Structures are given as C-alpha cells and as structure tokens.
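Shown next: run.pdb, containing PDB, C-alpha atoms (C1' of nucleotides).
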```
ATOM      1  CA  MET A 283      94.412-120.607  38.767
ATOM      2  CA  ASN A 284      91.317-118.507  38.180
ATOM      3  CA  LEU A 285      87.732-119.331  39.055
ATOM      4  CA  GLN A 286      84.587-117.533  38.008
ATOM      5  CA  ILE A 287      81.680-118.266  40.299
ATOM      6  CA  PRO A 288      78.193-117.065  39.319
ATOM      7  CA  LEU A 289      76.737-114.870  42.043
ATOM      8  CA  PRO A 290      73.262-115.495  43.416
ATOM      9  CA  THR A 291      70.508-112.951  42.867
ATOM     10  CA  GLY A 292      70.499-110.252  45.523
ATOM     11  CA  PHE A 293      74.198-110.594  46.289
ATOM     12  CA  ASP A 294      76.677-107.738  46.177
ATOM     13  CA  PHE A 295      80.334-108.495  46.834
ATOM     14  CA  GLN A 296      81.221-105.140  48.357
ATOM     15  CA  GLU A 297      78.124-105.054  50.564
ATOM     16  CA  CYS A 298      79.015-108.493  51.876
ATOM     17  CA  VAL A 299      82.642-107.580  52.578
ATOM     18  CA  ASN A 300      81.747-104.265  54.196
ATOM     19  CA  ALA A 301      78.798-105.558  56.231
ATOM     20  CA  HIS A 302      80.919-105.716  59.389
ATOM     21  CA  GLY A 303      84.486-105.494  60.594
ATOM     22  CA  TRP A 304      85.781-108.934  59.598
ATOM     23  CA  LYS A 305      87.527-107.574  56.485
ATOM     24  CA  SER A 306      89.829-105.654  58.838
ATOM     25  CA  LEU A 307      90.876-108.725  60.825
ATOM     26  CA  ALA A 308      93.957-110.709  59.788
ATOM     27  CA  PRO A 309      94.585-112.594  57.648
ATOM     28  CA  PHE A 310      91.999-110.726  55.578
ATOM     29  CA  THR A 311      93.152-107.632  53.755
ATOM     30  CA  TRP A 312      90.719-105.440  51.852
ATOM     31  CA  ASP A 313      91.919-103.123  49.122
ATOM     32  CA  ALA A 314      89.181-100.507  49.154
ATOM     33  CA  ASP A 315      90.425 -98.883  45.936
ATOM     34  CA  LEU A 316      90.705-102.041  43.847
ATOM     35  CA  LYS A 317      87.817-103.784  45.665
ATOM     36  CA  ILE A 318      89.899-106.898  46.191
ATOM     37  CA  LEU A 319      89.672-109.105  49.278
ATOM     38  CA  SER A 320      92.740-111.233  49.972
ATOM     39  CA  ARG A 321      93.974-113.748  52.482
ATOM     40  CA  VAL A 322      96.600-116.457  52.726
ATOM     41  CA  GLU A 323      95.184-119.949  52.840
ATOM     42  CA  GLN A 324      96.636-123.440  53.038
ATOM     43  CA  PHE A 325      95.049-126.180  50.939
ATOM     44  CA  ALA A 326      95.507-129.851  51.886
ATOM     45  CA  GLY A 327      99.116-129.826  52.967
ATOM     46  CA  GLN A 328     100.309-127.535  50.174
ATOM     47  CA  ALA A 329     102.419-124.468  50.840
ATOM     48  CA  PRO A 330     100.283-121.424  51.798
ATOM     49  CA  LYS A 331      98.821-119.574  48.832
ATOM     50  CA  LEU A 332      97.393-116.109  48.351
ATOM     51  CA  VAL A 333      93.685-116.056  47.492
ATOM     52  CA  ARG A 334      92.305-112.907  45.894
ATOM     53  CA  MET A 335      88.605-112.271  45.464
ATOM     54  CA  SER A 336      86.819-109.593  43.488
ATOM     55  CA  SER A 337      83.634-109.280  41.493
ATOM     56  CA  SER A 338      82.924-108.537  37.873
ATOM     57  CA  GLY A 339      79.347-108.215  36.732
ATOM     58  CA  SER A 340      77.402-111.155  38.059
ATOM     59  CA  ALA A 341      80.469-113.291  38.741
ATOM     60  CA  LEU A 342      82.925-113.606  41.570
ATOM     61  CA  ILE A 343      86.521-113.752  40.402
ATOM     62  CA  VAL A 344      88.873-115.904  42.489
ATOM     63  CA  GLU A 345      92.579-115.824  41.742
ATOM     64  CA  ILE A 346      94.976-118.236  43.446
ATOM     65  CA  ASP A 347      98.714-118.533  42.884
ATOM     66  CA  GLY A 348      99.397-121.989  41.517
ATOM     67  CA  THR A 349      96.919-124.838  41.467
ATOM     68  CA  VAL A 350      94.720-126.038  44.302
ATOM     69  CA  PRO A 351      91.774-128.468  44.410
ATOM     70  CA  GLU A 352      88.897-126.590  42.777
ATOM     71  CA  VAL A 353      86.270-128.118  45.053
ATOM     72  CA  ALA A 354      88.135-126.879  48.121
ATOM     73  CA  ALA A 355      88.585-123.416  46.645
ATOM     74  CA  ARG A 356      84.884-123.128  45.837
ATOM     75  CA  ARG A 357      83.894-124.358  49.303
ATOM     76  CA  LEU A 358      86.245-121.812  50.872
ATOM     77  CA  VAL A 359      84.748-118.899  48.980
ATOM     78  CA  GLU A 360      81.190-120.082  49.489
ATOM     79  CA  ARG A 361      81.589-120.094  53.236
ATOM     80  CA  MET A 362      83.399-116.771  53.430
ATOM     81  CA  LEU A 363      80.754-114.969  51.371
ATOM     82  CA  GLN A 364      77.735-116.897  52.693
ATOM     83  CA  LEU A 365      76.874-117.948  49.137
ATOM     84  CA  ASP A 366      75.152-121.025  50.553
ATOM     85  CA  ILE A 367      72.675-118.907  52.513
ATOM     86  CA  ALA A 368      69.495-117.777  50.751
ATOM     87  CA  MET A 369      68.483-114.136  51.185
ATOM     88  CA  GLY A 370      65.299-114.079  49.089
ATOM     89  CA  ASP A 371      62.885-114.437  51.991
ATOM     90  CA  PHE A 372      64.623-111.726  53.993
ATOM     91  CA  HIS A 373      64.648-109.361  51.021
ATOM     92  CA  ASP A 374      60.946-110.014  50.432
ATOM     93  CA  TYR A 375      60.324-109.199  54.096
ATOM     94  CA  CYS A 376      62.318-105.960  53.833
ATOM     95  CA  LYS A 377      60.367-104.837  50.771
ATOM     96  CA  GLU A 378      57.243-104.896  52.906
ATOM     97  CA  THR A 379      58.843-103.345  55.988
ATOM     98  CA  ASP A 380      59.198 -99.650  56.644
ATOM     99  CA  LYS A 381      62.805 -98.447  57.073
ATOM    100  CA  LEU A 382      64.216-101.628  55.486
ATOM    101  CA  LYS A 383      63.496-101.095  51.811
ATOM    102  CA  HIS A 384      67.130-100.120  51.222
ATOM    103  CA  VAL A 385      68.256-103.638  52.151
ATOM    104  CA  PRO A 386      67.098-105.483  49.002
ATOM    105  CA  ASN A 387      67.833-102.448  46.849
ATOM    106  CA  SER A 388      71.459-102.532  48.015
ATOM    107  CA  CYS A 389      71.654-106.328  48.031
ATOM    108  CA  GLN A 390      72.517-106.344  51.739
ATOM    109  CA  GLY A 391      72.110-109.194  54.207
ATOM    110  CA  ARG A 392      75.171-111.380  53.831
ATOM    111  CA  MET A 393      78.253-110.858  55.984
ATOM    112  CA  LEU A 394      81.832-111.882  55.397
ATOM    113  CA  ARG A 395      82.759-114.987  57.379
ATOM    114  CA  SER A 396      85.994-116.786  58.064
ATOM    115  CA  PRO A 397      86.599-120.065  56.222
ATOM    116  CA  THR A 398      85.785-121.990  59.415
ATOM    117  CA  LEU A 399      83.453-121.608  62.364
ATOM    118  CA  TYR A 400      86.534-122.185  64.522
ATOM    119  CA  GLU A 401      88.143-118.992  63.205
ATOM    120  CA  ASP A 402      84.912-117.044  63.653
ATOM    121  CA  VAL A 403      84.648-118.260  67.270
ATOM    122  CA  LEU A 404      88.169-117.089  68.077
ATOM    123  CA  LYS A 405      87.559-113.753  66.419
ATOM    124  CA  VAL A 406      84.269-113.158  68.210
ATOM    125  CA  ILE A 407      85.971-113.905  71.535
ATOM    126  CA  SER A 408      88.502-111.250  70.514
ATOM    127  CA  THR A 409      85.746-108.648  70.204
ATOM    128  CA  THR A 410      84.386-109.041  73.729
ATOM    129  CA  ASN A 411      84.970-106.387  76.369
ATOM    130  CA  THR A 412      87.630-104.557  74.424
ATOM    131  CA  THR A 413      88.078-101.912  71.766
ATOM    132  CA  TRP A 414      88.055-102.602  68.053
ATOM    133  CA  ALA A 415      91.697-101.510  67.849
ATOM    134  CA  GLN A 416      92.635-104.119  70.423
ATOM    135  CA  THR A 417      90.562-106.755  68.667
ATOM    136  CA  LYS A 418      92.515-106.160  65.476
ATOM    137  CA  ALA A 419      95.789-106.292  67.402
ATOM    138  CA  MET A 420      94.898-109.550  69.165
ATOM    139  CA  VAL A 421      93.899-111.294  65.933
ATOM    140  CA  SER A 422      97.012-110.014  64.169
ATOM    141  CA  ARG A 423      99.169-111.465  66.943
ATOM    142  CA  LEU A 424      97.475-114.855  66.475
ATOM    143  CA  VAL A 425      98.294-114.784  62.771
ATOM    144  CA  ASP A 426     101.781-113.295  63.082
ATOM    145  CA  ASN A 427     102.913-115.622  65.869
ATOM    146  CA  PHE A 428     101.267-118.898  64.955
ATOM    147  CA  GLY A 429     100.202-118.831  61.279
ATOM    148  CA  LEU A 430     102.207-120.132  58.322
ATOM    149  CA  PRO A 431     103.976-117.567  56.123
ATOM    150  CA  LEU A 432     103.423-117.055  52.415
ATOM    151  CA  LEU A 433     106.750-117.923  50.805
ATOM    152  CA  SER A 434     106.688-114.992  48.385
ATOM    153  CA  ASP A 435     105.808-112.530  51.164
ATOM    154  CA  PRO A 436     106.469-113.812  54.700
ATOM    155  CA  SER A 437     104.712-110.783  56.179
ATOM    156  CA  LEU A 438     101.456-112.462  55.127
ATOM    157  CA  ARG A 439     100.370-115.565  57.013
ATOM    158  CA  THR A 440      97.536-118.042  57.382
ATOM    159  CA  PHE A 441      95.174-118.031  60.324
ATOM    160  CA  PRO A 442      96.618-120.674  62.685
ATOM    161  CA  THR A 443      94.869-124.031  62.752
ATOM    162  CA  PRO A 444      93.686-125.562  66.040
ATOM    163  CA  GLU A 445      96.648-127.939  65.840
ATOM    164  CA  GLN A 446      99.097-125.085  65.468
ATOM    165  CA  LEU A 447      97.721-123.275  68.534
ATOM    166  CA  ALA A 448      97.479-126.498  70.535
ATOM    167  CA  SER A 449     101.102-127.325  69.779
ATOM    168  CA  VAL A 450     102.343-124.499  72.007
ATOM    169  CA  SER A 451     102.029-124.459  75.783
ATOM    170  CA  PHE A 452      99.396-122.229  77.310
ATOM    171  CA  ASP A 453     102.001-119.992  78.930
ATOM    172  CA  ASP A 454     103.821-119.518  75.647
ATOM    173  CA  PHE A 455     100.554-118.915  73.832
ATOM    174  CA  ALA A 456      99.338-116.349  76.367
ATOM    175  CA  ALA A 457     102.637-114.471  76.354
ATOM    176  CA  LYS A 458     102.646-114.134  72.563
ATOM    177  CA  ALA A 459      98.926-113.619  71.924
ATOM    178  CA  ARG A 460      98.460-111.070  74.764
ATOM    179  CA  MET A 461      94.709-111.588  74.790
ATOM    180  CA  GLY A 462      94.299-111.123  78.519
ATOM    181  CA  TYR A 463      91.842-113.446  80.212
ATOM    182  CA  ARG A 464      90.563-114.440  76.747
ATOM    183  CA  SER A 465      93.731-116.464  76.165
ATOM    184  CA  ALA A 466      92.392-119.364  78.237
ATOM    185  CA  SER A 467      89.173-119.596  76.182
ATOM    186  CA  VAL A 468      90.991-119.356  72.862
ATOM    187  CA  HIS A 469      93.667-121.911  73.731
ATOM    188  CA  LYS A 470      91.151-124.347  75.215
ATOM    189  CA  THR A 471      88.885-124.153  72.162
ATOM    190  CA  ALA A 472      91.814-124.813  69.835
ATOM    191  CA  THR A 473      93.093-127.648  72.024
ATOM    192  CA  ASP A 474      89.674-129.289  72.300
ATOM    193  CA  ILE A 475      89.357-129.282  68.519
ATOM    194  CA  ALA A 476      92.911-130.492  67.923
ATOM    195  CA  GLU A 477      92.479-133.337  70.387
ATOM    196  CA  GLY A 478      89.140-134.430  68.956
ATOM    197  CA  ARG A 479      86.839-133.406  71.818
ATOM    198  CA  LEU A 480      85.109-130.697  69.807
ATOM    199  CA  ASP A 481      83.904-130.687  66.191
ATOM    200  CA  LEU A 482      82.843-127.115  65.598
ATOM    201  CA  GLU A 483      82.551-127.419  61.826
ATOM    202  CA  SER A 484      79.730-129.948  62.177
ATOM    203  CA  TRP A 485      77.709-127.185  63.832
ATOM    204  CA  SER A 486      77.124-125.563  60.453
ATOM    205  CA  ASP A 487      74.572-128.309  59.767
ATOM    206  CA  PRO A 488      71.332-126.459  58.904
ATOM    207  CA  SER A 489      69.269-129.305  60.366
ATOM    208  CA  ILE A 490      70.335-128.342  63.903
ATOM    209  CA  PRO A 491      67.455-126.400  65.522
ATOM    210  CA  SER A 492      68.409-122.769  66.126
ATOM    211  CA  ASP A 493      67.757-122.897  69.866
ATOM    212  CA  ASP A 494      69.920-126.015  70.207
ATOM    213  CA  LEU A 495      72.663-124.322  68.244
ATOM    214  CA  TYR A 496      72.490-121.292  70.530
ATOM    215  CA  LYS A 497      72.877-123.515  73.605
ATOM    216  CA  ARG A 498      75.835-125.300  72.032
ATOM    217  CA  LEU A 499      77.543-122.000  71.283
ATOM    218  CA  LEU A 500      76.938-120.798  74.865
ATOM    219  CA  SER A 501      78.697-123.927  76.124
ATOM    220  CA  LEU A 502      81.968-122.757  74.561
ATOM    221  CA  PRO A 503      84.389-120.976  76.905
ATOM    222  CA  GLY A 504      84.379-117.209  76.447
ATOM    223  CA  ILE A 505      81.131-117.310  74.478
ATOM    224  CA  GLY A 506      78.164-115.646  76.195
ATOM    225  CA  PRO A 507      74.845-114.309  74.873
ATOM    226  CA  TYR A 508      76.411-111.570  72.755
ATOM    227  CA  ALA A 509      79.076-113.769  71.161
ATOM    228  CA  ALA A 510      76.732-116.716  70.596
ATOM    229  CA  SER A 511      74.235-114.431  68.884
ATOM    230  CA  CYS A 512      76.948-113.049  66.598
ATOM    231  CA  LEU A 513      77.940-116.578  65.625
ATOM    232  CA  LEU A 514      74.298-117.490  64.977
ATOM    233  CA  ILE A 515      74.160-114.685  62.422
ATOM    234  CA  TYR A 516      77.191-116.061  60.622
ATOM    235  CA  LEU A 517      75.458-119.451  60.601
ATOM    236  CA  GLY A 518      72.369-117.963  58.966
ATOM    237  CA  ARG A 519      70.193-117.914  62.098
ATOM    238  CA  TYR A 520      68.783-114.503  62.883
ATOM    239  CA  HIS A 521      66.307-115.040  65.715
ATOM    240  CA  ARG A 522      68.544-113.548  68.442
ATOM    241  CA  VAL A 523      69.886-109.986  68.462
ATOM    242  CA  ASN A 524      73.546-109.726  69.427
ATOM    243  CA  VAL A 525      73.008-107.155  72.150
ATOM    244  CA  ASP A 526      76.155-105.121  72.585
ATOM    245  CA  SER A 527      76.912-101.692  74.003
ATOM    246  CA  TRP A 528      75.937-100.109  70.697
ATOM    247  CA  ALA A 529      72.532-101.796  70.647
ATOM    248  CA  ARG A 530      71.897-100.497  74.171
ATOM    249  CA  THR A 531      72.931 -97.011  73.066
ATOM    250  CA  LEU A 532      70.667 -97.001  70.000
ATOM    251  CA  VAL A 533      67.601 -98.427  71.695
ATOM    252  CA  GLY A 534      68.278 -96.163  74.680
ATOM    253  CA  LYS A 535      68.088 -93.157  72.353
ATOM    254  CA  GLU A 536      64.800 -94.428  70.912
ATOM    255  CA  MET A 537      63.328 -94.780  74.391
ATOM    256  CA  GLY A 538      64.937 -91.703  75.882
ATOM    257  CA  ARG A 539      66.552 -93.511  78.791
ATOM    258  CA  LYS A 540      69.005 -96.224  79.750
ATOM    259  CA  VAL A 541      67.744 -99.689  78.761
ATOM    260  CA  THR A 542      68.445-103.248  79.844
ATOM    261  CA  ASP A 543      69.387-106.107  77.538
ATOM    262  CA  LYS A 544      65.895-107.470  78.000
ATOM    263  CA  GLU A 545      64.412-104.221  76.718
ATOM    264  CA  VAL A 546      66.685-104.315  73.673
ATOM    265  CA  HIS A 547      65.417-107.812  72.875
ATOM    266  CA  GLU A 548      61.845-106.597  73.302
ATOM    267  CA  PHE A 549      62.512-103.683  70.949
ATOM    268  CA  PHE A 550      63.432-106.073  68.135
ATOM    269  CA  GLU A 551      60.853-108.729  68.923
ATOM    270  CA  PRO A 552      58.366-107.513  66.254
ATOM    271  CA  TYR A 553      60.888-108.455  63.573
ATOM    272  CA  GLY A 554      60.542-112.163  64.363
ATOM    273  CA  LYS A 555      63.079-114.513  62.847
ATOM    274  CA  TRP A 556      64.847-111.613  61.127
ATOM    275  CA  ARG A 557      65.618-109.709  64.340
ATOM    276  CA  ALA A 558      69.414-109.845  64.181
ATOM    277  CA  LEU A 559      69.584-108.815  60.533
ATOM    278  CA  VAL A 560      67.152-105.977  61.161
ATOM    279  CA  TYR A 561      69.359-104.681  63.968
ATOM    280  CA  HIS A 562      72.412-104.922  61.743
ATOM    281  CA  PHE A 563      70.932-103.298  58.646
ATOM    282  CA  TYR A 564      68.646-100.832  60.373
ATOM    283  CA  PRO A 565      69.349 -97.312  59.069
ATOM    284  CA  TRP A 566      71.582 -96.568  62.039
ATOM    285  CA  ARG A 567      75.271 -97.353  61.844
ATOM    286  CA  LYS A 568      78.097 -97.297  64.354
ATOM    287  CA  ASP A 569      81.096 -96.469  62.141
ATOM    288  CA  ASP A 570      82.552 -97.254  58.764
ATOM    289  CA  ASP A 571      84.919 -99.975  59.919
ATOM    290  CA  ALA A 572      82.732-102.382  61.784
TER     291      ALA A 572
ATOM    292  C1'  DT B  14      95.800 -92.975  88.624
ATOM    293  C1'  DT B  15      91.486 -94.244  87.013
ATOM    294  C1'  DC B  16      88.298 -95.630  83.734
ATOM    295  C1'  DC B  17      86.576 -98.661  80.318
ATOM    296  C1'  DA B  18      85.957-100.952  75.616
ATOM    297  C1'  DG B  19      81.313-104.330  70.036
ATOM    298  C1'  DG B  20      81.189-109.152  77.592
ATOM    299  C1'  DG B  21      81.748-113.577  80.191
ATOM    300  C1'  DG B  22      81.757-116.297  84.450
ATOM    301  C1'  DT B  23      80.351-116.757  88.932
ATOM    302  C1'  DA B  24      78.338-116.115  93.531
ATOM    303  C1'  DG B  25      74.657-114.726  96.109
ATOM    304  C1'  DA B  26      70.043-113.083  96.595
TER     305       DA B  26
ATOM    306  C1'  DT C 229      66.154-114.587  86.860
ATOM    307  C1'  DC C 230      68.671-110.546  88.401
ATOM    308  C1'  DT C 231      72.648-107.961  90.322
ATOM    309  C1'  DA C 232      77.452-107.146  91.669
ATOM    310  C1'  DC C 233      81.948-108.032  91.069
ATOM    311  C1'  DC C 234      86.150-109.466  88.931
ATOM    312  C1'  DC C 235      88.502-110.555  84.937
ATOM    313  C1'  DA C 236      93.932-109.093  81.413
ATOM    314  C1'  DT C 237      95.000-105.739  78.143
ATOM    315  C1'  DG C 238      96.165-101.200  76.552
ATOM    316  C1'  DG C 239      94.565 -96.564  75.164
ATOM    317  C1'  DA C 240      92.568 -92.204  76.791
TER     318       DA C 240
END
```

As a first step, turn the structure in this file into structure tokens.
Amino acid sequence: MNLQIPLPTGFDFQECVNAHGWKSLAPFTWDADLKILSRVEQFAGQAPKLVRMSSSGSALIVEIDGTVPEVAARRLVERMLQLDIAMGDFHDYCKETDKLKHVPNSCQGRMLRSPTLYEDVLKVISTTNTTWAQTKAMVSRLVDNFGLPLLSDPSLRTFPTPEQLASVSFDDFAAKARMGYRSASVHKTATDIAEGRLDLESWSDPSIPSDDLYKRLLSLPGIGPYAASCLLIYLGRYHRVNVDSWARTLVGKEMGRKVTDKEVHEFFEPYGKWRALVYHFYPWRKDDDA
DNA sequence: TTCCAGGGGTAGA
DNA sequence: TCTACCCATGGA
C-alpha cells in the first residue's frame, strides 16, 4: 500500500533524516543516493513488513508491502519524522538570531526518531561512553539477535519489542547483545515495560511539564543528564543542552580553555527554551554521520 | 599494555 | 553540589 502524507511548512525530509545519527542505527537503513529511508516494522500481529519512506514535492511517500492499518502507518511515520511537533516558533526565533538564519532557510529543526520512546531510550543508552562504531554494533546486535525477520529478506529485522527482550534471561541477553555494563539497564528497561511497571509511551504526553519529564527520564537506569537531555529533544523539549564531549570541545574552543559541564550550560543559556536545538544546529558540526 | 569513546552511578567530602 | 573512581566493550 502507498500513502501520501502532506508535509508541514518548514519541513524537509532529508534534513530531518540527516539531522543526527539515528538513520545509521538498525533497523533503519538510509539509501543516500535514492533518498529512501527504510525499516522493518510489525503491525498488530501481522508478519513484519518493509516500510519505505521518501519525499516528493510537498508530500511524504510511504510504501509498505501488503496492507496494514492506515491509522497505525500514519502514526508510525508521524512519530519518526516529528511531524506532530511544530517548528514555526523556532524558525521565527532563528530568523531574528545571528548565526541561525540558515536553520529556517534549510528547513532544519526536526530529527529522526524511532517509532517508540522505548526504542529511543535503548539507543541513547547505546551511545553513552562508547564510540559511534560501537553504538552501531550494539544496536545491530539487538536487532539481529532479538528482532523478527522480514520473510522476503531475513537479513532485515524489526527492532525487538520489550516483550521479546524480556523473554530471554539476562545472562543470555548480555552474552548476545555484548553491551557491557549497559546490558543491565537495557534489559531492566525492557523487562519493566513488558511486565507493566513502566509505561514509557505515555511520557510523550505534551501536558507533562518539561522539568518533570526530565526527572522521569533521569530515573531510568543508564539515563543520566546527557541521555535525558537527548531524549527531551526527541520529545520536543529543548530547554536542556545534551552536554557531551563534543559540546565541551566546542565551547572550550570558544573560551580558549577546558570547560566544565556547568560552563557549557551557561554558554547556551541566552538561547532560552531553544538551547538544545541551537547547540545542535549551530554552524559547527562534528561529522557527517552523527 | 594502556587509553578511552557522543556517560552513568556511587561514595565521600 | 562537586570530585574521584569504577564500570564492560573493543578499537587504536
């Protein structure tokens, strides 16, 4: 089945996909030549299906093998591409802010997300205290070992559900995932969700105050200030900068010396509620993959 | 061998 | 609130 979804003003499909490294994490695959984003997804008990996304003019084109519930397909794409998050106010702010005028001109601001907050949490944990190459390897092992295969191409799999991860013992999980000390946080999060103690998806509720949401995210195992701030961005809250080693490097260069996390926060404080987006789309970039 | 990478958790001050 | 230390993994 094919869907054509009208794109909001100020949205650019490629800018969204390339805004950070998520396109390189399984089960996403990004064809940079054809500009097609794909992943295997399971809809309501059906066999896994390949979902392909691209853009044409002012519409997003979604192609899915076979037939799936249209409402579910639209909801899936909306979350992944942050179509439910308005960017107008941020773009207006950038138009008036030195060094940020390229943001609205390029339709930047949205970042590719996973279909669930659960998947984003596991992936953010996989980025902490490691290299990007290892992050990609850890996430691929989650998918390859615990996801469901696409029948027409078993090399492609779904991202494992909480139930699928919880169904294996911790020792078995840790041995296959090889995520180091992160394995405990990942397996516990999945198990808590599967056993009904944690409802992460309800945290996408925009009525939750941003500070409360930050505290909730910090309560998750393996999620500290950096990871919680990353997740806030995906949830459309930009008041906290995700201070990582790169932020310290960049601000350190600006100030001509080594800086603390506190000083990095102070550096971005003038940008108010847009701080995290300003850091991300500031005209300084780390590399072309992340 | 040793260090450390898009940090987190904890103890002790 | 701040600092020091350890944490599994795998590449350099």

(request) Quote the spacing between atom CA of A:Trp556 and atom CA of A:His521 in Å to one decimal place. (result) 5.9 Å

(request) Mind checking which residues fall within 8 Å of stretch 286-295 of chain A, counting all atoms listed in the file, ignoring those fewer than 5 positions away in the same chain, and posting them as a PyMOL selection string? (result) chain A and resi 336-337+340-344+363+365+369-370+386+388-390+392

(message) I need the output of the PyMOL selection byres ((chain A) within 9 of (chain C)) for this file as a PyMOL selection string; which residues are they?
(response) chain A and resi 412+416+460-464

(message) Given the PyMOL selection byres ((chain A) within 8 of (chain B)) and the file above, list the residues it selects as JSON, numbers by chain.
(response) {"A": [409, 410, 411, 412, 413, 414, 504, 505, 506, 508, 526, 527, 528]}

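Each of A:Gln296, A:Ser449, A:Ser306, A:Ser492 was checked against A:Lys405 using all atoms listed in the file; the smallest atom-to-atom distance is that of A:Ser306.
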
(request) Would you work out the distance separating atom CA of A:Ala314 from atom CA of A:Leu514, expressed in Å to one decimal? (result) 27.6 Å

Find the spatial neighbours of A:Lys331, counting all atoms listed in the file, within a cut-off of 10 Å - ignore same-chain residues fewer than 4 positions away - and output them as a PDB file with C-alpha atoms, keeping the file's coordinate frame.
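Saved the output as result-v1.pdb:
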```pdb
ATOM      1  CA  ARG A 321      93.974-113.748  52.482  1.00  0.00           C
ATOM      2  CA  VAL A 322      96.600-116.457  52.726  1.00  0.00           C
ATOM      3  CA  GLU A 323      95.184-119.949  52.840  1.00  0.00           C
ATOM      4  CA  GLN A 324      96.636-123.440  53.038  1.00  0.00           C
ATOM      5  CA  PHE A 325      95.049-126.180  50.939  1.00  0.00           C
ATOM      6  CA  ILE A 346      94.976-118.236  43.446  1.00  0.00           C
ATOM      7  CA  ASP A 347      98.714-118.533  42.884  1.00  0.00           C
ATOM      8  CA  GLY A 348      99.397-121.989  41.517  1.00  0.00           C
ATOM      9  CA  THR A 349      96.919-124.838  41.467  1.00  0.00           C
ATOM     10  CA  VAL A 350      94.720-126.038  44.302  1.00  0.00           C
ATOM     11  CA  PRO A 431     103.976-117.567  56.123  1.00  0.00           C
ATOM     12  CA  LEU A 432     103.423-117.055  52.415  1.00  0.00           C
ATOM     13  CA  LEU A 433     106.750-117.923  50.805  1.00  0.00           C
ATOM     14  CA  SER A 434     106.688-114.992  48.385  1.00  0.00           C
ATOM     15  CA  LEU A 438     101.456-112.462  55.127  1.00  0.00           C
ATOM     16  CA  ARG A 439     100.370-115.565  57.013  1.00  0.00           C
ATOM     17  CA  THR A 440      97.536-118.042  57.382  1.00  0.00           C
TER      18      THR A 440
END
```

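Atom CA of A:Asp435 is positioned 27.7 Å from atom CA of A:Ala476.
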
(request) Please evaluate the PyMOL selection byres ((chain A and resi 532) around 10) against the structure above and give the resulting residues as a ChimeraX atom specification. (result) /A:527-531,533-538,540-541,546,561,566-568

(request) Would you please work out which residue, of A:Thr443, A:Asp493, A:Arg356, A:Pro507, is nearest to A:Lys555 when using only C-alpha atoms? (result)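 Of A:Thr443, A:Asp493, A:Arg356, A:Pro507, the one nearest A:Lys555 is A:Asp493, counting only C-alpha atoms.
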